[in-house]
Amino acid sequence: MKADITTDVLIIGTGPAGSATAALLSTYGVENMAVNRYRWLANTPRAHITNQRTMEVLRDLGEEVETEAYQQATPKELMGTNVFCTSLAGEELGRLRTWGTEPESMAAHLRASPTAMNDLPQTYMEPLLFKTACSRGTQARMSMEYLRHGQDADGVTTICLDRLTGQEVSIRSRYLIGADGGNSKVAEDIGVPIEGQMGVGGSINFLFDADLSRYVAHRPSVLYWVMQPGSNVGGIGMGVVRMVRPWNKWLAIWGYDINQPRPELTDDEAAEIIRSLVGDPQLDVAVTGVSYWTVNDAWATHMQKDRVFIMGDAAHRHPPSNGLGSNTSIQDGFNLAWKLAAVLRGEAGPGLLETYSQERAPIAAQIVRRANQSLGEFGPIFQALGMGEEVSQAALEKNLDHLASEGGEAMRAALREAIAFKKYEFDAHGVEMNHRYASDAVLSDGAAPAFDKDPELHYQPTTYPGARLPHVWLEDAGGNKLSTLDATGGGRFVLLTGISGRAWQAAADTIRQAGGPTIDVKVIGPRQALRDPGGDWARAREVDDDGAILVRPDHHVAWRSMGLPEDPHGILDAACRSLLSRPGA
């Protein structure tokens with residue numbers, strides 16, 4: 001049967017993962033189509049924390065994409081201090097400087113990346129990525145529901161339901177991507193192994209409009225954590241008042257017992273919960289939405305089957321702790337898109353695609369474990385205040401009286417330490433930036449360097465193969481500042497070397513002329529197109545001036561040579577054949 005539509009890559013879902021992948025594929029010149037069963041993009045601001053690594057993906061998509069993201073986002077200066085309290089108007093228990101606003105962490109963030117963290121709700125991020133994809137060539141279909149697929153040696157035939165006409169539509173593609181969320185039917189259909197458990201807790205989101213500036217403007221934050229009776233039942237650890245737009249659009253989160261029937265709340269009941277969290281019984285509040293979701297603790301141990309891949313929430317299902325959801329989803333796309341492009345262009349063998357699971361499944365497991373562990377790390381705060389599993393108002397008030405008394409020094413110290421420990425959720429720079437891939441698309445050169453600091457809290461730059469290329473500010477011939485990440489990426493392989501390594505250029509030219517991949521060689525040094533005026537790159541590169549660092553399109557180091565070998569062409573060609581699963585490897 002002839003398909004109704006043909007394309008190279010079909011993407012099911014237009015959330016952060018699907019839209020980012022579509023945008024990247026279109027940027028790389030790959031024909032693709034993205035479908036969404038709904039008639040709209042995100043209509044609630046679910047994901048919001050946007051970390052530096054994700055901003056580097058947006059930067060790689062182009063200055064206009066990065067610039068618009070910053071324009072739409074709340075800057076990190078207003079994200080800064082997580083507040084723990086009995087209500088916004090009530091007693092404050094403590095604060096934690098977060099998301100790179102603590103001075104030492106701020107310096108580390110500035111050193112790590114040319115980008116800045118921000119708060120960009122999904123209602124702004126998703127349209128930006130979707131618009132970028134469509135403007136660059138993605139064919140999009142809304143109200144198009146995935147039903148099933150079948151694959152053969154040459155491609156995938158997918159059957160979708162056009163929800164406007166009620167007709168089934170067949171779409172023929174070379175590859176299929178399931179970015180269809182935590183209840184992914186694509187993942188179910190290909191039978192990927194899922195570890196962990198779904199539905200371990202229940203949460204309710206209340207979207208509302210209210211002017212809360214008098215409670216928050218002097219202590220700006222994204223998240224205000226509220227300890228009240230019932231706040232540790234289900235949910236994500238405590239009650240939450242989350243900023244969506246400073247300081248009049250908000251989202252409140254409250255938990256419920258997943259083992260009991262789900263409470264069905266009216267807007268009036270939602271407003272009372274909001275007023276309780278804020279601590280203002282007369283608050284003028286407009287409830288604009290109520291939604292329910294479950295806390296999950298599950299991940300795919302393998303993320304593909306032949307020509308079908310999954311990504312985003314389809315592969316890693318976890319609470320919003322650490323703000324890892326949409327970030328990891330977008331980074332899934334950054335990993336897979338260049339590999340699909342290389343295979344479709346004939347620059348790589350299909351074996352390259354197997355490295356997607358090799359590299360991203362361990363990340364899925366890591367971030368699901370970290371997000372769920374962060375939930376448990378609210379426990380010490382309750383314990384420091386003498387609260388057990390049940391929190392009563394009378395006991396809370398009594399213990400707060402003790403906290404503020406002369407005899408409460410031990411309680412105050414315990415509370416300070418418990419709140420400070422939450423940096424593993426709210427300032428875990430290493431979790432966001434320390435990804436080191438081990439796969440057939442990386443050629444190791446020995447033991448990986450050990451982390452000299454806590455790898456969850458602190459990013460450690462290295463050019464060791466598999467790691468993300470360190471960010472260093474360089475200068476072009478016109479005196480303009482650019483990052484090493486700006487000099488790489490863009491859908492191409494880049495080889496970085498020094499003046500003594502000019503022979504690598506001839507090696508790369510020979511590989512290209514013989515039908516191999518195009519490798520953009522960049523020589524860094526005095527009087528070159530790229531300069532290192534402060535010597536920062538020379539200190540960061542970990543190879544000699546005549547050595548070479550081969551950087552993949554996703555900024556990760558694929559291979560490096562510590563110096564110039566006798567046969568640079570032979571060495572580089574063998575590396576490329578192996579990395580790209582090309583004949584002769």
# chains A, B, ... in the order shown; residues from 1 in each chain; ligands from 1
>>> residues_around(residues="stretch 2-19 of chain A", least_positions_apart="5", cutoff="8 Å", atoms="only C-alpha atoms", output="JSON, numbers by chain")
{"A": [30, 31, 32, 33, 34, 35, 36, 37, 41, 42, 122, 125, 126, 129, 130, 133, 146, 157, 169, 170, 171, 172, 173, 174, 175, 176, 177, 178, 179, 180, 181, 311, 312, 326, 329, 330, 331, 332, 333]}
>>> residues_around(residues="A:Arg275", least_positions_apart="6", cutoff="9 Å", atoms="only C-alpha atoms", output="ChimeraX atom specification")
/A:281-285
>>> closest_residue(among="A:Pro461, A:Gly534, A:Gly584, A:Pro568", to="A:His109", atoms="only C-alpha atoms")
A:Pro461
>>> closest_residue(among="A:Asp267, A:Glu390, A:Asp306, A:Glu272", to="A:Val290", atoms="only C-alpha atoms")
A:Asp267
>>> select_by_dssp(residues="stretch 288-383 of chain A", states="strand (DSSP E)", output="list in words")
Thr288, Gly289, Val290, Ser291, Tyr292, Trp293, Thr294, Val295, Asn296, Asp297, Ala298, Trp299, Ala300, Gln304, Lys305, Val308, Phe309, Ile310, His316 and Arg317 of chain A
>>> closest_residue(among="A:Arg560, A:His435, A:Lys398, A:Arg214", to="A:Leu572", atoms="only C-alpha atoms")
A:Arg560
>>> decode(residues="stretch 187-203 of chain A", atoms="all heavy atoms", output="PDB file, in the first residue's frame")
ATOM      1  N   ALA A 187       6.874   3.771  22.930  1.00  0.00           N
ATOM      2  CA  ALA A 187       7.721   2.956  23.811  1.00  0.00           C
ATOM      3  C   ALA A 187       7.064   1.615  24.105  1.00  0.00           C
ATOM      4  O   ALA A 187       7.720   0.560  24.108  1.00  0.00           O
ATOM      5  CB  ALA A 187       7.994   3.707  25.107  1.00  0.00           C
ATOM      6  N   GLU A 188       5.758   1.648  24.337  1.00  0.00           N
ATOM      7  CA  GLU A 188       5.030   0.399  24.598  1.00  0.00           C
ATOM      8  C   GLU A 188       5.070  -0.512  23.382  1.00  0.00           C
ATOM      9  O   GLU A 188       5.282  -1.730  23.506  1.00  0.00           O
ATOM     10  CB  GLU A 188       3.586   0.728  24.973  1.00  0.00           C
ATOM     11  CG  GLU A 188       2.715  -0.481  25.252  1.00  0.00           C
ATOM     12  CD  GLU A 188       1.271  -0.100  25.551  1.00  0.00           C
ATOM     13  OE1 GLU A 188       1.007   1.087  25.856  1.00  0.00           O
ATOM     14  OE2 GLU A 188       0.398  -0.985  25.465  1.00  0.00           O
ATOM     15  N   ASP A 189       4.892   0.066  22.207  1.00  0.00           N
ATOM     16  CA  ASP A 189       4.817  -0.753  20.992  1.00  0.00           C
ATOM     17  C   ASP A 189       6.152  -1.415  20.648  1.00  0.00           C
ATOM     18  O   ASP A 189       6.171  -2.511  20.081  1.00  0.00           O
ATOM     19  CB  ASP A 189       4.350   0.103  19.815  1.00  0.00           C
ATOM     20  CG  ASP A 189       2.861   0.423  19.888  1.00  0.00           C
ATOM     21  OD1 ASP A 189       2.178  -0.154  20.756  1.00  0.00           O
ATOM     22  OD2 ASP A 189       2.389   1.257  19.088  1.00  0.00           O
ATOM     23  N   ILE A 190       7.267  -0.772  20.941  1.00  0.00           N
ATOM     24  CA  ILE A 190       8.557  -1.396  20.618  1.00  0.00           C
ATOM     25  C   ILE A 190       9.076  -2.226  21.789  1.00  0.00           C
ATOM     26  O   ILE A 190      10.110  -2.888  21.671  1.00  0.00           O
ATOM     27  CB  ILE A 190       9.617  -0.365  20.179  1.00  0.00           C
ATOM     28  CG1 ILE A 190       9.939   0.635  21.291  1.00  0.00           C
ATOM     29  CG2 ILE A 190       9.174   0.336  18.903  1.00  0.00           C
ATOM     30  CD1 ILE A 190      11.096   1.586  20.926  1.00  0.00           C
ATOM     31  N   GLY A 191       8.377  -2.177  22.920  1.00  0.00           N
ATOM     32  CA  GLY A 191       8.720  -3.044  24.037  1.00  0.00           C
ATOM     33  C   GLY A 191      10.041  -2.743  24.696  1.00  0.00           C
ATOM     34  O   GLY A 191      10.747  -3.670  25.125  1.00  0.00           O
ATOM     35  N   VAL A 192      10.395  -1.463  24.793  1.00  0.00           N
ATOM     36  CA  VAL A 192      11.662  -1.144  25.457  1.00  0.00           C
ATOM     37  C   VAL A 192      11.566  -1.500  26.942  1.00  0.00           C
ATOM     38  O   VAL A 192      10.508  -1.358  27.561  1.00  0.00           O
ATOM     39  CB  VAL A 192      12.032   0.351  25.306  1.00  0.00           C
ATOM     40  CG1 VAL A 192      12.341   0.685  23.867  1.00  0.00           C
ATOM     41  CG2 VAL A 192      10.933   1.247  25.845  1.00  0.00           C
ATOM     42  N   PRO A 193      12.645  -1.980  27.520  1.00  0.00           N
ATOM     43  CA  PRO A 193      12.609  -2.339  28.942  1.00  0.00           C
ATOM     44  C   PRO A 193      12.557  -1.101  29.825  1.00  0.00           C
ATOM     45  O   PRO A 193      13.366  -0.178  29.669  1.00  0.00           O
ATOM     46  CB  PRO A 193      13.924  -3.106  29.144  1.00  0.00           C
ATOM     47  CG  PRO A 193      14.823  -2.624  28.050  1.00  0.00           C
ATOM     48  CD  PRO A 193      13.950  -2.273  26.890  1.00  0.00           C
ATOM     49  N   ILE A 194      11.590  -1.065  30.729  1.00  0.00           N
ATOM     50  CA  ILE A 194      11.417   0.051  31.650  1.00  0.00           C
ATOM     51  C   ILE A 194      11.663  -0.449  33.069  1.00  0.00           C
ATOM     52  O   ILE A 194      11.030  -1.417  33.507  1.00  0.00           O
ATOM     53  CB  ILE A 194      10.006   0.666  31.564  1.00  0.00           C
ATOM     54  CG1 ILE A 194       9.694   1.117  30.135  1.00  0.00           C
ATOM     55  CG2 ILE A 194       9.858   1.815  32.551  1.00  0.00           C
ATOM     56  CD1 ILE A 194      10.436   2.340  29.670  1.00  0.00           C
ATOM     57  N   GLU A 195      12.581   0.184  33.772  1.00  0.00           N
ATOM     58  CA  GLU A 195      12.831  -0.150  35.166  1.00  0.00           C
ATOM     59  C   GLU A 195      12.189   0.899  36.066  1.00  0.00           C
ATOM     60  O   GLU A 195      11.972   2.034  35.666  1.00  0.00           O
ATOM     61  CB  GLU A 195      14.337  -0.225  35.446  1.00  0.00           C
ATOM     62  CG  GLU A 195      15.009  -1.439  34.856  1.00  0.00           C
ATOM     63  CD  GLU A 195      16.389  -1.690  35.446  1.00  0.00           C
ATOM     64  OE1 GLU A 195      16.755  -0.984  36.417  1.00  0.00           O
ATOM     65  OE2 GLU A 195      17.089  -2.582  34.935  1.00  0.00           O
ATOM     66  N   GLY A 196      11.924   0.498  37.307  1.00  0.00           N
ATOM     67  CA  GLY A 196      11.356   1.432  38.262  1.00  0.00           C
ATOM     68  C   GLY A 196       9.855   1.282  38.375  1.00  0.00           C
ATOM     69  O   GLY A 196       9.278   0.251  38.017  1.00  0.00           O
ATOM     70  N   GLN A 197       9.225   2.346  38.830  1.00  0.00           N
ATOM     71  CA  GLN A 197       7.803   2.283  39.157  1.00  0.00           C
ATOM     72  C   GLN A 197       7.114   3.580  38.768  1.00  0.00           C
ATOM     73  O   GLN A 197       7.643   4.671  38.981  1.00  0.00           O
ATOM     74  CB  GLN A 197       7.636   2.035  40.666  1.00  0.00           C
ATOM     75  CG  GLN A 197       6.205   1.848  41.127  1.00  0.00           C
ATOM     76  CD  GLN A 197       6.125   1.598  42.620  1.00  0.00           C
ATOM     77  OE1 GLN A 197       7.151   1.459  43.292  1.00  0.00           O
ATOM     78  NE2 GLN A 197       4.915   1.555  43.149  1.00  0.00           N
ATOM     79  N   MET A 198       5.939   3.462  38.216  1.00  0.00           N
ATOM     80  CA  MET A 198       5.105   4.618  37.899  1.00  0.00           C
ATOM     81  C   MET A 198       4.131   4.866  39.046  1.00  0.00           C
ATOM     82  O   MET A 198       3.758   3.955  39.783  1.00  0.00           O
ATOM     83  CB  MET A 198       4.338   4.379  36.606  1.00  0.00           C
ATOM     84  CG  MET A 198       5.206   4.199  35.367  1.00  0.00           C
ATOM     85  SD  MET A 198       5.910   5.741  34.767  1.00  0.00           S
ATOM     86  CE  MET A 198       4.478   6.438  33.923  1.00  0.00           C
ATOM     87  N   GLY A 199       3.717   6.126  39.193  1.00  0.00           N
ATOM     88  CA  GLY A 199       2.672   6.462  40.144  1.00  0.00           C
ATOM     89  C   GLY A 199       3.046   6.239  41.598  1.00  0.00           C
ATOM     90  O   GLY A 199       2.281   5.637  42.351  1.00  0.00           O
ATOM     91  N   VAL A 200       4.215   6.732  42.030  1.00  0.00           N
ATOM     92  CA  VAL A 200       4.622   6.559  43.423  1.00  0.00           C
ATOM     93  C   VAL A 200       4.097   7.689  44.317  1.00  0.00           C
ATOM     94  O   VAL A 200       4.216   7.628  45.538  1.00  0.00           O
ATOM     95  CB  VAL A 200       6.161   6.458  43.547  1.00  0.00           C
ATOM     96  CG1 VAL A 200       6.662   5.244  42.785  1.00  0.00           C
ATOM     97  CG2 VAL A 200       6.841   7.726  43.038  1.00  0.00           C
ATOM     98  N   GLY A 201       3.561   8.718  43.734  1.00  0.00           N
ATOM     99  CA  GLY A 201       2.997   9.822  44.498  1.00  0.00           C
ATOM    100  C   GLY A 201       2.035  10.607  43.626  1.00  0.00           C
ATOM    101  O   GLY A 201       2.040  10.479  42.401  1.00  0.00           O
ATOM    102  N   GLY A 202       1.196  11.413  44.269  1.00  0.00           N
ATOM    103  CA  GLY A 202       0.220  12.212  43.522  1.00  0.00           C
ATOM    104  C   GLY A 202       0.381  13.687  43.793  1.00  0.00           C
ATOM    105  O   GLY A 202       0.678  14.094  44.921  1.00  0.00           O
ATOM    106  N   SER A 203       0.194  14.496  42.762  1.00  0.00           N
ATOM    107  CA  SER A 203       0.319  15.946  42.902  1.00  0.00           C
ATOM    108  C   SER A 203      -0.788  16.660  42.139  1.00  0.00           C
ATOM    109  O   SER A 203      -1.305  16.144  41.141  1.00  0.00           O
ATOM    110  CB  SER A 203       1.676  16.431  42.382  1.00  0.00           C
ATOM    111  OG  SER A 203       2.709  16.154  43.304  1.00  0.00           O
TER     112      SER A 203
END
